[in-house]
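S.K.: File name structure19.txt; file contents compact mmCIF, C-alpha atoms; full text below.
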# COMPACT_ATOMS: atom_id res chain seq x y z
CA MET A 1 95.83 208.24 132.97
CA TRP A 2 94.33 208.41 129.54
CA ILE A 3 94.56 206.35 126.37
CA TYR A 4 94.13 208.01 123.00
CA GLU A 5 91.74 206.51 120.45
CA LYS A 6 92.50 207.39 116.85
CA ARG A 7 88.92 208.27 115.92
CA LEU A 8 86.40 211.01 116.71
CA GLN A 9 83.64 210.31 119.22
CA GLN A 10 81.20 210.88 116.37
CA PRO A 11 82.14 211.48 112.71
CA VAL A 12 82.48 215.09 111.55
CA ASP A 13 82.11 216.55 108.06
CA VAL A 14 81.36 219.93 106.48
CA ASP A 15 79.69 221.01 103.25
CA GLY A 16 82.76 223.03 102.23
CA ALA A 17 85.32 225.66 103.21
CA ASN A 18 83.74 228.43 105.28
CA PRO A 19 86.25 230.47 107.33
CA LYS A 20 83.55 232.76 108.64
CA LEU A 21 81.70 229.84 110.18
CA ALA A 22 85.02 228.54 111.53
CA GLU A 23 85.41 231.84 113.35
CA TYR A 24 82.06 231.27 115.08
CA VAL A 25 82.66 227.62 115.89
CA ILE A 26 86.12 228.30 117.39
CA THR A 27 84.42 229.71 120.49
CA GLN A 28 83.58 226.15 121.49
CA PHE A 29 87.30 225.33 121.19
CA GLY A 30 88.66 228.17 123.32
CA GLY A 31 85.79 230.34 124.55
CA PRO A 32 84.35 230.61 128.08
CA ASP A 33 81.61 228.00 127.55
CA GLY A 34 83.62 225.84 125.18
CA GLU A 35 84.71 222.23 125.42
CA LEU A 36 88.19 223.02 126.75
CA SER A 37 86.69 225.00 129.63
CA ALA A 38 84.33 222.10 130.33
CA ALA A 39 87.05 219.44 130.31
CA ILE A 40 89.48 221.40 132.47
CA ARG A 41 86.72 222.48 134.88
CA TYR A 42 85.51 218.94 135.59
CA LEU A 43 88.91 217.28 135.56
CA THR A 44 90.12 219.94 138.02
CA GLN A 45 87.15 219.82 140.39
CA ARG A 46 87.14 216.02 140.72
CA TYR A 47 90.22 215.76 142.95
CA THR A 48 88.58 217.19 146.06
CA MET A 49 85.05 215.86 145.59
CA PRO A 50 83.85 214.01 148.72
CA ARG A 51 82.05 211.01 147.12
CA GLY A 52 82.99 208.31 144.64
CA TYR A 53 80.02 208.98 142.34
CA LEU A 54 81.03 212.65 142.08
CA LYS A 55 84.63 211.75 141.23
CA ALA A 56 83.39 209.23 138.66
CA LEU A 57 80.92 211.60 137.02
CA LEU A 58 83.42 214.46 136.74
CA THR A 59 86.08 212.09 135.39
CA ASP A 60 83.74 210.54 132.83
CA ILE A 61 82.12 213.77 131.64
CA GLY A 62 85.49 215.60 131.68
CA THR A 63 86.93 212.87 129.48
CA GLU A 64 83.97 213.06 127.08
CA GLU A 65 84.52 216.84 126.85
CA LEU A 66 88.06 216.21 125.60
CA ALA A 67 86.55 214.12 122.81
CA HIS A 68 84.17 217.00 122.03
CA TRP A 69 87.11 219.40 122.00
CA GLU A 70 88.66 217.25 119.30
CA MET A 71 85.39 217.22 117.31
CA ILE A 72 85.31 221.04 117.42
CA ALA A 73 88.93 221.24 116.26
CA SER A 74 88.06 218.89 113.41
CA MET A 75 85.18 221.15 112.36
CA VAL A 76 87.42 224.23 112.32
CA TYR A 77 90.13 222.30 110.51
CA MET A 78 87.72 221.14 107.80
CA LEU A 79 86.13 224.59 107.44
CA THR A 80 89.53 226.18 106.73
CA ASP A 81 91.33 223.26 105.11
CA GLU A 82 92.96 223.89 101.75
CA MET A 83 92.80 227.69 102.13
CA ASP A 84 96.09 229.31 101.16
CA ALA A 85 97.28 232.85 101.91
CA ASP A 86 95.58 234.15 98.74
CA ALA A 87 92.23 232.78 99.85
CA TRP A 88 92.67 234.41 103.27
CA LYS A 89 93.67 237.73 101.64
CA GLN A 90 90.21 238.02 100.14
CA LEU A 91 88.69 238.06 103.59
CA GLU A 92 88.39 240.79 106.18
CA MET A 93 89.58 238.27 108.74
CA ALA A 94 92.93 237.77 107.03
CA ARG A 95 94.55 239.29 110.14
CA LYS A 96 93.92 235.98 111.84
CA TYR A 97 96.20 234.35 109.31
CA ALA A 98 99.06 236.73 110.17
CA GLY A 99 99.74 235.49 113.69
CA ARG A 100 99.38 231.75 113.36
CA GLY A 101 98.58 230.80 109.82
CA PRO A 102 95.89 228.12 109.78
CA ALA A 103 96.70 226.75 113.27
CA ILE A 104 93.75 225.65 115.40
CA PHE A 105 94.23 227.71 118.57
CA PRO A 106 92.05 228.01 121.72
CA VAL A 107 90.48 231.44 121.40
CA ASP A 108 86.88 232.66 121.44
CA SER A 109 85.14 234.08 118.37
CA GLU A 110 86.63 237.49 119.07
CA GLY A 111 90.19 236.18 119.35
CA ASN A 112 90.56 236.26 123.14
CA PRO A 113 92.87 233.44 124.27
CA TRP A 114 91.54 230.70 126.55
CA THR A 115 92.12 231.32 130.24
CA ALA A 116 91.68 229.29 133.43
CA ALA A 117 89.76 232.31 134.72
CA TYR A 118 86.77 230.82 132.82
CA ILE A 119 86.53 228.03 135.41
CA GLN A 120 86.39 227.62 139.16
CA ALA A 121 86.83 224.89 141.77
CA HIS A 122 85.88 224.91 145.45
CA GLY A 123 87.57 222.11 147.37
CA ARG A 124 85.25 222.19 150.39
CA ASP A 125 81.97 222.93 148.66
CA PRO A 126 80.83 220.23 146.23
CA ILE A 127 77.39 221.85 145.97
CA ALA A 128 78.95 225.09 144.73
CA ASN A 129 80.96 223.08 142.19
CA LEU A 130 77.88 221.23 140.93
CA HIS A 131 75.95 224.47 140.56
CA GLU A 132 78.78 225.83 138.44
CA ASP A 133 78.75 222.63 136.37
CA LEU A 134 74.99 222.86 135.78
CA ALA A 135 75.37 226.49 134.71
CA ALA A 136 78.27 225.55 132.42
CA GLU A 137 76.19 222.90 130.64
CA SER A 138 73.32 225.36 130.19
CA LYS A 139 75.61 228.02 128.74
CA ALA A 140 77.28 225.54 126.41
CA ARG A 141 73.85 224.41 125.18
CA ALA A 142 72.87 228.03 124.57
CA THR A 143 76.10 228.56 122.60
CA TYR A 144 75.35 225.55 120.37
CA GLU A 145 71.89 226.97 119.76
CA ASN A 146 73.50 230.26 118.66
CA LEU A 147 75.84 228.37 116.34
CA LEU A 148 72.95 226.40 114.85
CA GLU A 149 71.19 229.69 114.10
CA LEU A 150 74.31 231.02 112.37
CA SER A 151 75.19 227.91 110.37
CA ASP A 152 73.72 226.82 107.04
CA ASP A 153 76.18 223.94 106.77
CA HIS A 154 74.02 220.80 106.89
CA LYS A 155 76.80 218.33 107.54
CA LEU A 156 78.29 220.50 110.28
CA ASN A 157 74.88 221.00 111.88
CA LYS A 158 74.54 217.26 112.45
CA SER A 159 77.58 217.42 114.73
CA LEU A 160 76.42 220.65 116.40
CA HIS A 161 73.07 218.99 117.18
CA PHE A 162 74.88 216.00 118.66
CA LEU A 163 77.03 218.21 120.88
CA ARG A 164 74.04 220.28 121.97
CA GLU A 165 72.25 217.12 123.05
CA ARG A 166 75.26 216.04 125.08
CA GLU A 167 75.00 219.26 127.10
CA VAL A 168 71.41 218.34 127.93
CA VAL A 169 72.40 214.86 129.11
CA HIS A 170 75.33 216.15 131.17
CA PHE A 171 73.02 218.71 132.78
CA GLN A 172 70.69 215.87 133.73
CA ARG A 173 73.49 213.78 135.27
CA PHE A 174 74.89 216.74 137.23
CA GLY A 175 71.36 217.50 138.46
CA GLU A 176 70.98 213.90 139.67
CA ALA A 177 74.36 214.08 141.40
CA LEU A 178 73.28 217.30 143.12
CA ASP A 179 70.05 215.62 144.25
CA LEU A 180 71.94 212.63 145.64
CA LEU A 181 74.32 214.90 147.51
CA LYS A 182 71.52 217.08 148.87
CA ASP A 183 69.70 213.96 150.06
CA GLU A 184 72.76 213.06 152.04
CA VAL A 185 73.04 216.46 153.67
CA LYS A 186 69.26 217.01 153.93
CA HIS A 187 69.28 220.23 151.96
CA ARG A 188 66.95 218.98 149.31
CA THR A 189 64.34 221.72 149.52
CA THR A 190 66.56 224.56 150.67
CA PHE A 191 68.20 226.26 147.74
CA TYR A 192 71.48 227.87 148.73
CA MET B 1 89.88 203.85 97.28
CA ASN B 2 86.36 205.23 97.37
CA HIS B 3 84.93 201.86 98.31
CA ASP B 4 87.59 201.54 100.99
CA TRP B 5 86.69 204.97 102.37
CA ARG B 6 83.03 204.03 102.55
CA GLU B 7 83.81 200.74 104.23
CA ARG B 8 86.11 202.45 106.72
CA CYS B 9 83.52 205.10 107.52
CA ARG B 10 80.80 202.49 107.92
CA LEU B 11 82.93 200.48 110.33
CA LEU B 12 83.85 203.61 112.30
CA ALA B 13 80.19 204.63 112.46
CA ASP B 14 79.25 201.22 113.90
CA ILE B 15 82.06 201.38 116.47
CA SER B 16 81.11 204.96 117.40
CA ALA B 17 77.45 204.05 117.80
CA LEU B 18 78.13 201.13 120.15
CA ASP B 19 80.79 203.01 122.08
CA PHE B 20 78.45 205.96 122.46
CA ALA B 21 75.65 203.75 123.79
CA ALA B 22 78.08 202.25 126.32
CA LEU B 23 79.31 205.71 127.36
CA GLU B 24 75.78 206.97 127.83
CA LEU B 25 75.05 204.05 130.15
CA THR B 26 78.34 204.59 131.99
CA LEU B 27 77.35 208.17 132.84
CA TYR B 28 73.88 206.96 133.82
CA LEU B 29 75.35 204.31 136.12
CA ASP B 30 77.41 206.94 137.94
CA THR B 31 74.14 208.27 139.39
CA HIS B 32 72.14 204.98 139.21
CA PRO B 33 74.67 202.37 140.39
CA ASP B 34 71.92 199.90 141.42
CA ASP B 35 70.41 199.56 137.93
CA ARG B 36 71.36 196.00 136.96
CA GLY B 37 69.66 196.21 133.57
CA ALA B 38 71.66 199.28 132.55
CA LEU B 39 74.88 197.61 133.66
CA ARG B 40 74.09 194.45 131.69
CA GLN B 41 73.25 196.50 128.61
CA ARG B 42 76.48 198.50 128.92
CA ASN B 43 78.55 195.33 129.10
CA GLU B 44 76.72 193.87 126.09
CA TYR B 45 77.51 196.92 123.96
CA LEU B 46 81.18 196.75 124.95
CA GLN B 47 81.27 193.06 123.97
CA ARG B 48 79.73 193.82 120.58
CA ILE B 49 82.42 196.42 119.81
CA LYS B 50 85.28 193.95 120.10
CA PRO B 51 84.92 192.12 116.75
CA LEU B 52 84.36 195.46 114.96
CA VAL B 53 87.53 196.92 116.44
CA ARG B 54 89.43 193.78 115.49
CA LYS B 55 88.20 194.08 111.90
CA TYR B 56 88.99 197.79 111.74
CA GLU B 57 92.51 197.32 113.08
CA GLU B 58 93.22 194.49 110.62
CA HIS B 59 92.56 196.88 107.74
CA TYR B 60 93.53 200.31 109.00
CA GLY B 61 96.04 199.82 111.80
CA PRO B 62 95.83 200.32 115.56
CA LEU B 63 92.85 202.25 116.87
CA THR B 64 94.42 202.98 120.25
CA MET B 65 97.89 203.63 121.58
CA VAL B 66 97.82 200.27 123.33
CA SER B 67 96.37 198.11 120.54
CA LYS B 68 98.42 195.11 119.53
CA ALA B 69 100.05 196.06 116.22
CA ASP B 70 101.58 194.21 113.30
CA TYR B 71 104.61 195.19 111.24
CA PRO B 72 104.87 197.76 109.72
CA TRP B 73 104.02 200.34 112.41
CA GLN B 74 100.74 201.80 111.08
CA TRP B 75 99.95 204.12 114.00
CA ILE B 76 101.73 206.90 112.08
CA ASP B 77 99.54 206.46 109.03
CA GLU B 78 97.27 209.25 107.82
CA PRO B 79 94.47 210.21 107.83
CA TRP B 80 94.27 211.27 111.47
CA PRO B 81 90.75 211.73 112.86
CA TRP B 82 90.39 215.40 111.91
CA GLU B 83 91.38 214.57 108.33
CA LEU B 84 88.90 211.76 107.80
CA ARG B 85 85.57 213.08 106.52
CA CYS B 86 82.93 210.54 107.42
CA GLY B 87 80.11 212.63 108.85
CA GLY B 88 78.32 213.21 105.55
CA GLU B 89 77.18 209.60 105.36
CA ASP B 90 73.72 208.86 106.65
Go ahead and express the file in the form of structure tokens.
M.R.:
Amino acid sequence: MWIYEKRLQQPVDVDGANPKLAEYVITQFGGPDGELSAAIRYLTQRYTMPRGYLKALLTDIGTEELAHWEMIASMVYMLTDEMDADAWKQLEMARKYAGRGPAIFPVDSEGNPWTAAYIQAHGRDPIANLHEDLAAESKARATYENLLELSDDHKLNKSLHFLREREVVHFQRFGEALDLLKDEVKHRTTFY
Amino acid sequence: MNHDWRERCRLLADISALDFAALELTLYLDTHPDDRGALRQRNEYLQRIKPLVRKYEEHYGPLTMVSKADYPWQWIDEPWPWELRCGGED
């Protein structure tokens, strides 16, 4: 079960309204390497993991990803807050306003809706799962680096830097878990 | 109002910092369960959060769904987390 805390994991703020930047950032809300994909991937894989430390790590990181998902939503919310239909009309991306108004919806930067096809789980192969998780953290880090290149919003960038660093730490923990598991099955130096 | 906002943000920043340190050690312990020092540090951080949470809840209402709450029911109060702009403070 989960208990909601009425605060963000880390505070979020933006310099000002910037719908274009919101359109980039939304990919971490509903894109392939976004926080929703991460949370659902780990919280799905954990059920059939064969060791307690793997169940714990996937539960704990999966839960943290939900908190990141909320931070991303907060960024998009703040970047588009207080924009009315007239403000949207000035923009080429006003078509986004037509379908949902200012709702925060899980899509990537090109508008593709989130899908479970972004993730995978193999119930009898924890090593395959961990390799996917390591790749996922790398791709999420790369996405944050893209966003940092695109963003001139100093307040927002503080949060993007924080989230990028979390991907690095999660990668480290998944790598340690993989090492522990390989030690157990004596596959340490055979990469398959 | 402005002073209250600053105070609220400062308190939230302190809670977030301690909670984050504890979380980081929790993840670390998942792959280093024999590290007594890390475990002790984690528990210390969690202890230090308690008075801050108590202070925050006295002023701004329950922080979690299961916090003890006084009348009137303040859980419904705004701002919700995505509406509270605290990140600009250094």
S.K.: Of the candidates A:Gln10, A:Ser138, A:Asn18, A:Gln45, which shows the shortest atom-to-atom distance to Gly123 (chain A), using all atoms listed in the file?
M.R.: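 Under the stated criterion, the closest residue is A:Gln45.
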S.K.: Give me, as a Markdown table, each residue of chain A that comes within 7 Å of chain B, together with its shortest interatomic pair and the distance in Å at one decimal, counting all atoms listed in the file, with rows ordered by chain and rising residue number.
M.R.:
| residue | atom | partner | partner_atom | distance |
| --- | --- | --- | --- | --- |
| A:Ile3 | CA | B:Met65 | CA | 6.4 |
| A:Tyr4 | CA | B:Thr64 | CA | 5.7 |
| A:Glu5 | CA | B:Thr64 | CA | 4.4 |
| A:Lys6 | CA | B:Leu63 | CA | 5.2 |
| A:Arg7 | CA | B:Pro81 | CA | 5.0 |
| A:Leu8 | CA | B:Pro81 | CA | 5.9 |
| A:Gln9 | CA | B:Ser16 | CA | 6.2 |
| A:Gln10 | CA | B:Ser16 | CA | 6.0 |
| A:Pro11 | CA | B:Gly87 | CA | 4.5 |
| A:Val12 | CA | B:Gly87 | CA | 4.4 |
| A:Asp13 | CA | B:Gly87 | CA | 4.5 |
| A:Tyr53 | CA | B:Asp30 | CA | 5.5 |
| A:Ala56 | CA | B:Asp30 | CA | 6.4 |
| A:Leu57 | CA | B:Asp30 | CA | 5.9 |
| A:Asp60 | CA | B:Leu27 | CA | 6.8 |
| A:Ser74 | CA | B:Trp82 | CA | 4.5 |
| A:Lys155 | CA | B:Gly88 | CA | 5.7 |
| A:Arg173 | CA | B:Thr31 | CA | 6.9 |
| A:Glu176 | CA | B:Thr31 | CA | 6.5 |
| A:Ala177 | CA | B:Thr31 | CA | 6.2 |
S.K.: Calculated over only C-alpha atoms, which of the candidates A:Trp88, A:Phe105, A:Trp69, A:Tyr97 has the smallest distance to Gly34 (chain A)?
M.R.: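 That would be A:Trp69, the residue with the smallest distance to Gly34 (chain A).
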S.K.: So what do you get for CA of Ala140 (chain A) versus CA of Phe29 (chain A), distance-wise?
M.R.: 11.3 Å
S.K.: Show which residues sit within 9 Å of Ala17 (chain A), as number ranges by chain. Count all atoms listed in the file, and ignore same-chain residues fewer than 4 positions away.
M.R.: A: 21-22, 78-83
S.K.: Can you pull out every residue within 8 Å of Leu148 (chain A), counting only C-alpha atoms, but drop anything in the same chain fewer than 2 positions away, and send it as a list in words?
M.R.: Tyr144, Glu145, Asn146, Leu150, Ser151, Asp152, Asn157, Leu160 and His161 of chain A
